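> Input: one structure, supplied below.
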Amino acid sequence: MGAKWFGASVKRKEDPALLSGKGRFVDDIQLPGMLHAAFVRSSHAHARIRGVDVAAARTMPGVHLALSFAELPQTLQNNALPLFVPHAAIGQPFMPHALASTEACYVGEPLAVVVADSRYLAEDAAAAVTVDYEPLPAVTDCAAAIEPASHLAHVDASSNIAARFPISHGDTDKAFAAAKHVFRESIHLHRGGALSLECRGLIATHDLATDSFTVYLSSQGSHRIKRAMLDVLDLHDNQMRVITPDVGGGFGPKGAFYPEYPTIAHCARTLKRPVKWIEDRYESFLATHQERDQCWDVEIGVDDDGKIFGLRGRLIHESGAFVPWV
Amino acid sequence: VRINGIEHACTVETRLLLADFLRHDLGLTGTHAGCEHGVCGACTVLVDGQSVRSCLMLAVQANGRDVTTVEGLSTVGGTLNPLQQAFWERRALQCGFCTPGMLMTLTELLADNQSPTESEIRERISSNICRCTGYQAIVDAVLLMAERRRTNREII
């Protein structure tokens with residue numbers, strides 16, 4: 001690098017394309033023979049799924065495939081999505097499957113997928129999928145969720161606590177004994193949403209000759225997505241290439257792994273054609289990760305001058321129904 | 001329909017959105033779909049010179065109209081127009097997803113108003129969302145262009 005760049009005002013090389021409509025975001029990519037997917041999502045925050053009927057959807061115009069959990073291959077029925085950030089403290093590592101099987105645990109959880117000649121036709125057919133729900137009590141408040149009498153977020157959970165992380169440094173009791181003033185505060189931080197202007201989305205293609213996938217995906221880290229795809233689909237390292245084209249904002253949630261990704265890969269392999277799924281804004285509000293509610297109970301010990309002697313407290317961190325990124 | 005000066009004769013479903021027609025039927029993918037309910041402005045195009053949300057307009061409603069998209073701003077050879085050039089120089093884009101909508105919204109403003117003030121620019125782009133929050137740089141770029149218009153200086 002030449003010294004001429006230090007302190008210089010340098011124009012970005014990618015800008016002329018982005019300024020003239022020649023960017024290449026995932027939905028801008030058109031592959032020959034490509035089909036389009038739409039998902040059927042849970043309309044309940046918590047429900048037992050008695051059955052998902054895709055038969056009517058399969059007869060709709062332009063439809064090539066309609067799948068619920070029951071029609072997924074054994075791999076995707078056995079493997080839940082991998083823990084992205086594993087930790088020994090996670091005692092209940094609940095992770096979703098590519099499509100929910102017998103229980104839906106949040107509004108927007110994918111229950112079925114329909115692949116058709118266009119997104120319009122896929123959405124028409126998705127509306128013809130019928131789901132037999134038995135609504136269950138929902139858990140919507142993280143402070144109440146850890147009380148022993150709370151309803152459970154999963155029917156087979158032992159409690160709503162995924163993990164406990166005790167952390168300490170120094171002798172806090174001694175520090176508080178020496179502090180002249182102690183202040184206590186309860187603070188609630190709501191979960192924000194990142195809401196990138198470009199929603200999530202991917203295109204998956206499967207090459208029969210090499211039995212390998214190429215996936216174009218709006219992500220913040222193609223290598224980690226590739227690893228998770230290989231794990232959930234039980235593939236070898238040479239069977240998956242993940243390409244991240246131009247990305248219209250990520251802000252965190254596009255770094256994570258989602259049920260739609262292995263589902264679309266499976267559809268492409270089954271149909272022997274490229275399959276595209278582009279999340280619409282409504283889906284994004286429901287199914288893209290948001291931040292975590294935080295309930296803090298904290299106290300601080302100080303002297304007359306505001307010098308801090310000690311800090312202690314408890315944080316309840318809401319992870320949602322699953323632990324995708326603790 | 002006339003799009004960026006070129007006549008197109010197409011038969012489409014009545015429910016097809018103008019944004020999807022431009023992007024998928026014509027391959028003009030510079031127009032972006034961000035919120036699909038008329039809030040974010042990423043899909044803004046000009047129809048007979050007026051800015052519209054192409055996610056809220058049907059393709060059939062553009063029948064016989066004159067549509068300009070972001071692809072129509074630069075020359076065929078790829079030379080950026082003065083507004084695009086000012087965006088580049090003032091770093092008025094990060095991810096680039098809102099950029100086409102911003103450019104079309106501001107193209108309309110600059111056609112009506114040779115020399116907009118900062119508050120006029122801010123009011124106009126209040127119709128468009130930039131999640132990288134590059135608003136200040138976008139305002140700076142338009143002010144730079146207006147300044148160049150006033151002094152009639154060569155665009156560099």
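Each chain of the structure tokens is named A, B, ... in the order shown, its residues numbered from 1; ligands are numbered from 1 in display order.
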Counting only C-alpha atoms, which residues of range 12-49 of chain B sit at most 10 Å from some atom of range 106-112 of chain B, and what is each one's closest atom pair with its distance in Å to one decimal, listed by chain and rising residue number, as JSON lines?

{"residue": "B:Val45", "atom": "CA", "partner": "B:Glu108", "partner_atom": "CA", "distance": 9.6}
{"residue": "B:Leu46", "atom": "CA", "partner": "B:Glu108", "partner_atom": "CA", "distance": 7.7}
{"residue": "B:Gly49", "atom": "CA", "partner": "B:Glu108", "partner_atom": "CA", "distance": 6.9}
> Got a sec to pull out which chain B residues are within 10 Å of chain A, counting only C-alpha atoms, and send them as a VMD selection string?
chain B and resid 15 to 16 23 to 24 27 to 37 40 42 69 to 75 78 to 81 83 to 85 87 to 100 103 129 to 132
> Limited to N, CA and C atoms, could you put the picked residues into a file as a compact mmCIF listing (two decimals), in the first residue's frame?

# COMPACT_ATOMS: atom_id res chain seq x y z
N ARG B 15 -52.49 -8.63 -11.19
CA ARG B 15 -52.03 -8.44 -9.81
C ARG B 15 -50.52 -8.19 -9.71
N LEU B 16 -49.81 -8.26 -10.84
CA LEU B 16 -48.35 -8.11 -10.77
C LEU B 16 -47.97 -6.68 -10.36
N ARG B 23 -38.31 -5.73 -11.88
CA ARG B 23 -37.21 -6.56 -11.40
C ARG B 23 -37.16 -7.92 -12.10
N HIS B 24 -38.30 -8.59 -12.14
CA HIS B 24 -38.30 -9.98 -12.58
C HIS B 24 -38.60 -10.14 -14.06
N GLY B 27 -35.79 -7.56 -15.69
CA GLY B 27 -34.41 -7.69 -15.20
C GLY B 27 -33.80 -6.38 -14.74
N LEU B 28 -34.65 -5.38 -14.51
CA LEU B 28 -34.13 -4.10 -14.00
C LEU B 28 -34.09 -4.17 -12.47
N THR B 29 -33.05 -4.83 -11.94
CA THR B 29 -33.00 -5.15 -10.52
C THR B 29 -32.45 -4.01 -9.66
N GLY B 30 -32.20 -2.88 -10.28
CA GLY B 30 -31.75 -1.73 -9.48
C GLY B 30 -32.85 -1.22 -8.56
N THR B 31 -34.10 -1.36 -8.95
CA THR B 31 -35.22 -0.98 -8.09
C THR B 31 -35.39 -2.07 -7.03
N HIS B 32 -35.32 -1.69 -5.76
CA HIS B 32 -35.33 -2.68 -4.68
C HIS B 32 -36.66 -2.73 -3.93
N ALA B 33 -37.01 -3.92 -3.47
CA ALA B 33 -38.20 -4.08 -2.62
C ALA B 33 -37.72 -4.21 -1.17
N GLY B 34 -38.04 -3.24 -0.36
CA GLY B 34 -37.56 -3.27 1.02
C GLY B 34 -38.63 -3.68 2.01
N CYS B 35 -39.77 -2.94 1.99
CA CYS B 35 -40.81 -3.23 2.99
C CYS B 35 -42.06 -3.78 2.35
N GLU B 36 -42.23 -3.54 1.06
CA GLU B 36 -43.39 -4.03 0.31
C GLU B 36 -44.72 -3.53 0.86
N HIS B 37 -44.69 -2.44 1.63
CA HIS B 37 -45.96 -1.82 1.98
C HIS B 37 -45.86 -0.29 2.01
N CYS B 40 -40.74 2.21 3.15
CA CYS B 40 -39.29 2.43 3.17
C CYS B 40 -38.77 3.23 1.98
N ALA B 42 -37.50 2.24 -0.84
CA ALA B 42 -36.41 1.64 -1.64
C ALA B 42 -36.86 1.37 -3.08
N THR B 69 -36.26 4.43 -13.99
CA THR B 69 -35.68 3.72 -12.84
C THR B 69 -34.24 4.17 -12.67
N VAL B 70 -33.59 3.66 -11.63
CA VAL B 70 -32.21 4.06 -11.36
C VAL B 70 -31.30 3.74 -12.54
N GLU B 71 -31.65 2.70 -13.29
CA GLU B 71 -30.83 2.34 -14.45
C GLU B 71 -30.87 3.43 -15.52
N GLY B 72 -31.89 4.29 -15.46
CA GLY B 72 -32.02 5.34 -16.46
C GLY B 72 -31.26 6.61 -16.10
N LEU B 73 -30.60 6.63 -14.95
CA LEU B 73 -29.91 7.85 -14.52
C LEU B 73 -28.54 8.02 -15.16
N SER B 74 -27.78 6.93 -15.22
CA SER B 74 -26.45 7.04 -15.81
C SER B 74 -26.54 6.76 -17.30
N THR B 75 -25.50 7.11 -18.02
CA THR B 75 -25.51 6.90 -19.47
C THR B 75 -25.33 5.41 -19.76
N GLY B 78 -22.21 4.04 -18.77
CA GLY B 78 -21.96 3.88 -17.34
C GLY B 78 -21.48 5.14 -16.64
N THR B 79 -21.45 6.27 -17.36
CA THR B 79 -21.03 7.51 -16.70
C THR B 79 -22.10 7.95 -15.71
N LEU B 80 -21.68 8.22 -14.48
CA LEU B 80 -22.63 8.63 -13.44
C LEU B 80 -23.10 10.04 -13.71
N ASN B 81 -24.36 10.30 -13.38
CA ASN B 81 -24.86 11.68 -13.52
C ASN B 81 -24.39 12.51 -12.31
N LEU B 83 -25.76 13.83 -9.75
CA LEU B 83 -26.26 13.42 -8.42
C LEU B 83 -25.57 12.14 -7.97
N GLN B 84 -25.46 11.17 -8.85
CA GLN B 84 -24.76 9.93 -8.50
C GLN B 84 -23.30 10.20 -8.15
N GLN B 85 -22.71 11.12 -8.94
CA GLN B 85 -21.31 11.47 -8.70
C GLN B 85 -21.14 12.10 -7.31
N PHE B 87 -23.10 11.63 -4.73
CA PHE B 87 -23.28 10.55 -3.75
C PHE B 87 -21.95 9.80 -3.55
N TRP B 88 -21.27 9.53 -4.65
CA TRP B 88 -20.01 8.78 -4.58
C TRP B 88 -18.98 9.58 -3.78
N GLU B 89 -18.86 10.85 -4.12
CA GLU B 89 -17.84 11.68 -3.48
C GLU B 89 -18.11 11.92 -2.00
N ARG B 90 -19.39 12.03 -1.62
CA ARG B 90 -19.73 12.32 -0.23
C ARG B 90 -20.04 11.04 0.57
N ARG B 91 -19.78 9.89 -0.03
CA ARG B 91 -20.00 8.59 0.64
C ARG B 91 -21.45 8.49 1.16
N ALA B 92 -22.36 8.79 0.29
CA ALA B 92 -23.77 8.83 0.68
C ALA B 92 -24.43 7.46 0.60
N LEU B 93 -23.62 6.41 0.63
CA LEU B 93 -24.19 5.06 0.64
C LEU B 93 -23.24 4.14 1.39
N GLN B 94 -23.83 3.17 2.08
CA GLN B 94 -22.99 2.13 2.67
C GLN B 94 -23.34 0.81 2.00
N CYS B 95 -24.46 0.19 2.41
CA CYS B 95 -24.79 -1.10 1.79
C CYS B 95 -25.36 -0.91 0.39
N GLY B 96 -25.93 0.24 0.12
CA GLY B 96 -26.41 0.53 -1.23
C GLY B 96 -27.83 0.09 -1.52
N PHE B 97 -28.52 -0.46 -0.52
CA PHE B 97 -29.85 -1.02 -0.80
C PHE B 97 -30.91 0.08 -0.93
N CYS B 98 -30.81 1.12 -0.10
CA CYS B 98 -31.80 2.21 -0.18
C CYS B 98 -31.46 3.19 -1.29
N THR B 99 -30.21 3.10 -1.80
CA THR B 99 -29.67 4.12 -2.69
C THR B 99 -30.52 4.39 -3.94
N PRO B 100 -30.96 3.37 -4.67
CA PRO B 100 -31.77 3.68 -5.86
C PRO B 100 -33.02 4.49 -5.52
N LEU B 103 -32.01 8.06 -4.73
CA LEU B 103 -31.65 8.79 -5.96
C LEU B 103 -32.90 9.22 -6.73
N ILE B 129 -36.21 5.27 3.96
CA ILE B 129 -35.47 4.76 5.11
C ILE B 129 -34.10 4.24 4.66
N CYS B 130 -33.07 4.67 5.40
CA CYS B 130 -31.72 4.14 5.23
C CYS B 130 -31.35 3.51 6.55
N ARG B 131 -31.21 2.16 6.60
CA ARG B 131 -30.93 1.52 7.89
C ARG B 131 -29.46 1.62 8.28
N CYS B 132 -28.58 1.95 7.31
CA CYS B 132 -27.19 2.24 7.69
C CYS B 132 -27.10 3.65 8.24
> Quick one: residues within 10 Å of Asn63 in chain B, only C-alpha atoms counted, chain neighbours fewer than 3 positions away excluded, as a VMD selection string?
chain B and resid 1 to 2 8 to 10 58 to 60 66 to 67
> Find the distance between CA of Val232 in chain A and CA of Ala66 in chain A and write it in Å to one decimal.
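These atoms are spaced 20.5 Å apart.
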> If you count only C-alpha atoms, which residues fall within 10 Å of Leu217 in chain A, apart from same-chain ones fewer than 4 positions away, as a PyMOL selection string?
chain A and resi 25-27+200-204+221-222+225+242-247+254+261+276-278
> Save out the residues we just selected, N, CA and C atoms, as a PDB file, in the first residue's frame.

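This is the output file again_16.pdb:
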ATOM      1  N   PHE A  25     -27.625  -8.055  -5.326  1.00  0.00           N
ATOM      2  CA  PHE A  25     -28.167  -8.595  -4.084  1.00  0.00           C
ATOM      3  C   PHE A  25     -28.803  -9.956  -4.407  1.00  0.00           C
ATOM      4  N   VAL A  26     -29.079 -10.733  -3.367  1.00  0.00           N
ATOM      5  CA  VAL A  26     -29.460 -12.130  -3.637  1.00  0.00           C
ATOM      6  C   VAL A  26     -30.712 -12.233  -4.518  1.00  0.00           C
ATOM      7  N   ASP A  27     -31.674 -11.335  -4.320  1.00  0.00           N
ATOM      8  CA  ASP A  27     -32.893 -11.423  -5.134  1.00  0.00           C
ATOM      9  C   ASP A  27     -32.662 -10.928  -6.567  1.00  0.00           C
ATOM     10  N   ARG A 200     -33.990 -11.275   4.660  1.00  0.00           N
ATOM     11  CA  ARG A 200     -33.160 -12.454   4.413  1.00  0.00           C
ATOM     12  C   ARG A 200     -33.541 -13.102   3.086  1.00  0.00           C
ATOM     13  N   GLY A 201     -32.736 -14.060   2.636  1.00  0.00           N
ATOM     14  CA  GLY A 201     -33.100 -14.781   1.423  1.00  0.00           C
ATOM     15  C   GLY A 201     -31.955 -15.642   0.942  1.00  0.00           C
ATOM     16  N   LEU A 202     -32.294 -16.649   0.151  1.00  0.00           N
ATOM     17  CA  LEU A 202     -31.260 -17.511  -0.423  1.00  0.00           C
ATOM     18  C   LEU A 202     -31.758 -18.159  -1.710  1.00  0.00           C
ATOM     19  N   ILE A 203     -30.783 -18.603  -2.503  1.00  0.00           N
ATOM     20  CA  ILE A 203     -31.038 -19.469  -3.645  1.00  0.00           C
ATOM     21  C   ILE A 203     -30.167 -20.696  -3.439  1.00  0.00           C
ATOM     22  N   ALA A 204     -30.754 -21.878  -3.569  1.00  0.00           N
ATOM     23  CA  ALA A 204     -29.963 -23.101  -3.466  1.00  0.00           C
ATOM     24  C   ALA A 204     -30.020 -23.839  -4.795  1.00  0.00           C
ATOM     25  N   GLY A 221     -21.715 -14.047   7.211  1.00  0.00           N
ATOM     26  CA  GLY A 221     -20.607 -14.957   7.457  1.00  0.00           C
ATOM     27  C   GLY A 221     -20.874 -16.274   6.765  1.00  0.00           C
ATOM     28  N   SER A 222     -20.399 -16.395   5.516  1.00  0.00           N
ATOM     29  CA  SER A 222     -20.766 -17.567   4.734  1.00  0.00           C
ATOM     30  C   SER A 222     -20.134 -18.847   5.275  1.00  0.00           C
ATOM     31  N   ILE A 225     -22.310 -20.313   8.094  1.00  0.00           N
ATOM     32  CA  ILE A 225     -23.557 -20.827   7.505  1.00  0.00           C
ATOM     33  C   ILE A 225     -23.274 -22.162   6.816  1.00  0.00           C
ATOM     34  N   VAL A 242     -21.117 -21.723  -0.056  1.00  0.00           N
ATOM     35  CA  VAL A 242     -22.036 -20.633   0.268  1.00  0.00           C
ATOM     36  C   VAL A 242     -21.430 -19.326  -0.243  1.00  0.00           C
ATOM     37  N   ILE A 243     -22.173 -18.645  -1.088  1.00  0.00           N
ATOM     38  CA  ILE A 243     -21.718 -17.380  -1.675  1.00  0.00           C
ATOM     39  C   ILE A 243     -22.574 -16.255  -1.106  1.00  0.00           C
ATOM     40  N   THR A 244     -21.915 -15.243  -0.569  1.00  0.00           N
ATOM     41  CA  THR A 244     -22.645 -14.079  -0.082  1.00  0.00           C
ATOM     42  C   THR A 244     -22.443 -12.943  -1.075  1.00  0.00           C
ATOM     43  N   PRO A 245     -23.496 -12.561  -1.798  1.00  0.00           N
ATOM     44  CA  PRO A 245     -23.354 -11.446  -2.748  1.00  0.00           C
ATOM     45  C   PRO A 245     -23.461 -10.104  -2.011  1.00  0.00           C
ATOM     46  N   ASP A 246     -23.812  -9.042  -2.697  1.00  0.00           N
ATOM     47  CA  ASP A 246     -24.055  -7.769  -2.006  1.00  0.00           C
ATOM     48  C   ASP A 246     -25.124  -7.995  -0.943  1.00  0.00           C
ATOM     49  N   VAL A 247     -24.956  -7.367   0.208  1.00  0.00           N
ATOM     50  CA  VAL A 247     -25.887  -7.554   1.325  1.00  0.00           C
ATOM     51  C   VAL A 247     -26.480  -6.200   1.712  1.00  0.00           C
ATOM     52  N   LYS A 254     -28.388 -11.484  10.325  1.00  0.00           N
ATOM     53  CA  LYS A 254     -28.004 -12.246   9.128  1.00  0.00           C
ATOM     54  C   LYS A 254     -26.743 -13.079   9.357  1.00  0.00           C
ATOM     55  N   TYR A 261     -33.105 -22.245   5.610  1.00  0.00           N
ATOM     56  CA  TYR A 261     -31.928 -22.502   4.763  1.00  0.00           C
ATOM     57  C   TYR A 261     -31.796 -23.984   4.381  1.00  0.00           C
ATOM     58  N   LYS A 276     -35.395 -20.467  -5.060  1.00  0.00           N
ATOM     59  CA  LYS A 276     -35.146 -19.185  -4.384  1.00  0.00           C
ATOM     60  C   LYS A 276     -36.230 -18.944  -3.337  1.00  0.00           C
ATOM     61  N   TRP A 277     -35.792 -18.474  -2.174  1.00  0.00           N
ATOM     62  CA  TRP A 277     -36.752 -17.965  -1.188  1.00  0.00           C
ATOM     63  C   TRP A 277     -36.262 -16.592  -0.744  1.00  0.00           C
ATOM     64  N   ILE A 278     -37.114 -15.597  -0.917  1.00  0.00           N
ATOM     65  CA  ILE A 278     -36.809 -14.243  -0.460  1.00  0.00           C
ATOM     66  C   ILE A 278     -37.847 -13.877   0.588  1.00  0.00           C
TER      67      ILE A 278
END
> So which bits of range 48-140 of chain B end up helix (DSSP H, G or I) when you DSSP the backbone, as a PyMOL selection string?
chain B and resi 59-62+70-72+82-89+99-112+118-127+135-140
> Run DSSP on the backbone of this structure and report the residues of range 1-110 of chain A it assigns to strand (DSSP E), as a PyMOL selection string.
chain A and resi 35-41+47-53+63-68+103-104+110
> Could you save the residues just selected, with N, CA and C atoms, as a PDB file, in the first residue's frame?

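Saved result, result_21.pdb, follows:
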ATOM      1  N   LEU A  35     -37.023 -21.943  -9.441  1.00  0.00           N
ATOM      2  CA  LEU A  35     -38.376 -21.938  -8.874  1.00  0.00           C
ATOM      3  C   LEU A  35     -38.378 -21.110  -7.592  1.00  0.00           C
ATOM      4  N   HIS A  36     -39.594 -20.853  -7.070  1.00  0.00           N
ATOM      5  CA  HIS A  36     -39.734 -19.913  -5.961  1.00  0.00           C
ATOM      6  C   HIS A  36     -40.524 -20.533  -4.809  1.00  0.00           C
ATOM      7  N   ALA A  37     -40.059 -20.277  -3.603  1.00  0.00           N
ATOM      8  CA  ALA A  37     -40.650 -20.912  -2.428  1.00  0.00           C
ATOM      9  C   ALA A  37     -41.386 -19.908  -1.555  1.00  0.00           C
ATOM     10  N   ALA A  38     -42.422 -20.413  -0.888  1.00  0.00           N
ATOM     11  CA  ALA A  38     -43.116 -19.650   0.159  1.00  0.00           C
ATOM     12  C   ALA A  38     -43.341 -20.599   1.336  1.00  0.00           C
ATOM     13  N   PHE A  39     -43.314 -20.044   2.544  1.00  0.00           N
ATOM     14  CA  PHE A  39     -43.480 -20.866   3.741  1.00  0.00           C
ATOM     15  C   PHE A  39     -44.864 -20.674   4.364  1.00  0.00           C
ATOM     16  N   VAL A  40     -45.345 -21.758   4.966  1.00  0.00           N
ATOM     17  CA  VAL A  40     -46.525 -21.685   5.821  1.00  0.00           C
ATOM     18  C   VAL A  40     -45.992 -21.594   7.243  1.00  0.00           C
ATOM     19  N   ARG A  41     -46.446 -20.595   7.990  1.00  0.00           N
ATOM     20  CA  ARG A  41     -45.869 -20.324   9.313  1.00  0.00           C
ATOM     21  C   ARG A  41     -46.924 -20.418  10.403  1.00  0.00           C
ATOM     22  N   ALA A  47     -48.427 -24.054  20.166  1.00  0.00           N
ATOM     23  CA  ALA A  47     -49.521 -24.961  19.800  1.00  0.00           C
ATOM     24  C   ALA A  47     -48.960 -26.342  19.500  1.00  0.00           C
ATOM     25  N   ARG A  48     -49.768 -27.336  19.817  1.00  0.00           N
ATOM     26  CA  ARG A  48     -49.450 -28.685  19.360  1.00  0.00           C
ATOM     27  C   ARG A  48     -49.931 -28.784  17.916  1.00  0.00           C
ATOM     28  N   ILE A  49     -49.087 -29.372  17.054  1.00  0.00           N
ATOM     29  CA  ILE A  49     -49.458 -29.528  15.642  1.00  0.00           C
ATOM     30  C   ILE A  49     -50.024 -30.938  15.481  1.00  0.00           C
ATOM     31  N   ARG A  50     -51.322 -31.004  15.264  1.00  0.00           N
ATOM     32  CA  ARG A  50     -51.940 -32.329  15.110  1.00  0.00           C
ATOM     33  C   ARG A  50     -51.753 -32.848  13.684  1.00  0.00           C
ATOM     34  N   GLY A  51     -51.642 -31.920  12.746  1.00  0.00           N
ATOM     35  CA  GLY A  51     -51.447 -32.361  11.365  1.00  0.00           C
ATOM     36  C   GLY A  51     -51.277 -31.172  10.430  1.00  0.00           C
ATOM     37  N   VAL A  52     -50.509 -31.370   9.356  1.00  0.00           N
ATOM     38  CA  VAL A  52     -50.338 -30.352   8.318  1.00  0.00           C
ATOM     39  C   VAL A  52     -50.701 -31.020   7.000  1.00  0.00           C
ATOM     40  N   ASP A  53     -51.704 -30.481   6.316  1.00  0.00           N
ATOM     41  CA  ASP A  53     -52.197 -31.107   5.087  1.00  0.00           C
ATOM     42  C   ASP A  53     -51.784 -30.276   3.870  1.00  0.00           C
ATOM     43  N   VAL A  63     -47.475 -25.442  -9.076  1.00  0.00           N
ATOM     44  CA  VAL A  63     -46.799 -25.959  -7.882  1.00  0.00           C
ATOM     45  C   VAL A  63     -45.976 -27.197  -8.226  1.00  0.00           C
ATOM     46  N   HIS A  64     -44.738 -27.224  -7.748  1.00  0.00           N
ATOM     47  CA  HIS A  64     -43.847 -28.359  -7.993  1.00  0.00           C
ATOM     48  C   HIS A  64     -43.647 -29.213  -6.756  1.00  0.00           C
ATOM     49  N   LEU A  65     -43.800 -28.606  -5.582  1.00  0.00           N
ATOM     50  CA  LEU A  65     -43.488 -29.341  -4.358  1.00  0.00           C
ATOM     51  C   LEU A  65     -44.197 -28.666  -3.189  1.00  0.00           C
ATOM     52  N   ALA A  66     -44.723 -29.472  -2.288  1.00  0.00           N
ATOM     53  CA  ALA A  66     -45.274 -28.949  -1.033  1.00  0.00           C
ATOM     54  C   ALA A  66     -44.918 -29.957   0.051  1.00  0.00           C
ATOM     55  N   LEU A  67     -44.243 -29.489   1.082  1.00  0.00           N
ATOM     56  CA  LEU A  67     -43.713 -30.387   2.108  1.00  0.00           C
ATOM     57  C   LEU A  67     -44.057 -29.896   3.502  1.00  0.00           C
ATOM     58  N   SER A  68     -44.380 -30.831   4.379  1.00  0.00           N
ATOM     59  CA  SER A  68     -44.401 -30.536   5.806  1.00  0.00           C
ATOM     60  C   SER A  68     -43.324 -31.413   6.442  1.00  0.00           C
ATOM     61  N   GLU A 103     -44.938 -29.531  17.436  1.00  0.00           N
ATOM     62  CA  GLU A 103     -45.177 -28.396  18.324  1.00  0.00           C
ATOM     63  C   GLU A 103     -44.624 -27.129  17.688  1.00  0.00           C
ATOM     64  N   ALA A 104     -45.428 -26.084  17.642  1.00  0.00           N
ATOM     65  CA  ALA A 104     -44.948 -24.785  17.180  1.00  0.00           C
ATOM     66  C   ALA A 104     -44.705 -23.918  18.395  1.00  0.00           C
ATOM     67  N   PRO A 110     -41.682 -21.896  10.757  1.00  0.00           N
ATOM     68  CA  PRO A 110     -42.055 -22.574   9.511  1.00  0.00           C
ATOM     69  C   PRO A 110     -42.641 -23.966   9.764  1.00  0.00           C
TER      70      PRO A 110
END
> Extract, using only C-alpha atoms, all DNA, RNA and protein residues at most 12 Å from Asp304 in chain A, discarding same-chain residues fewer than 5 positions from it, and format them as a PyMOL selection string.
chain A and resi 178-182+309
> Using CA of Leu230 in chain A and CA of Pro262 in chain A as the two end points, give the distance in Å to one decimal.
9.1 Å
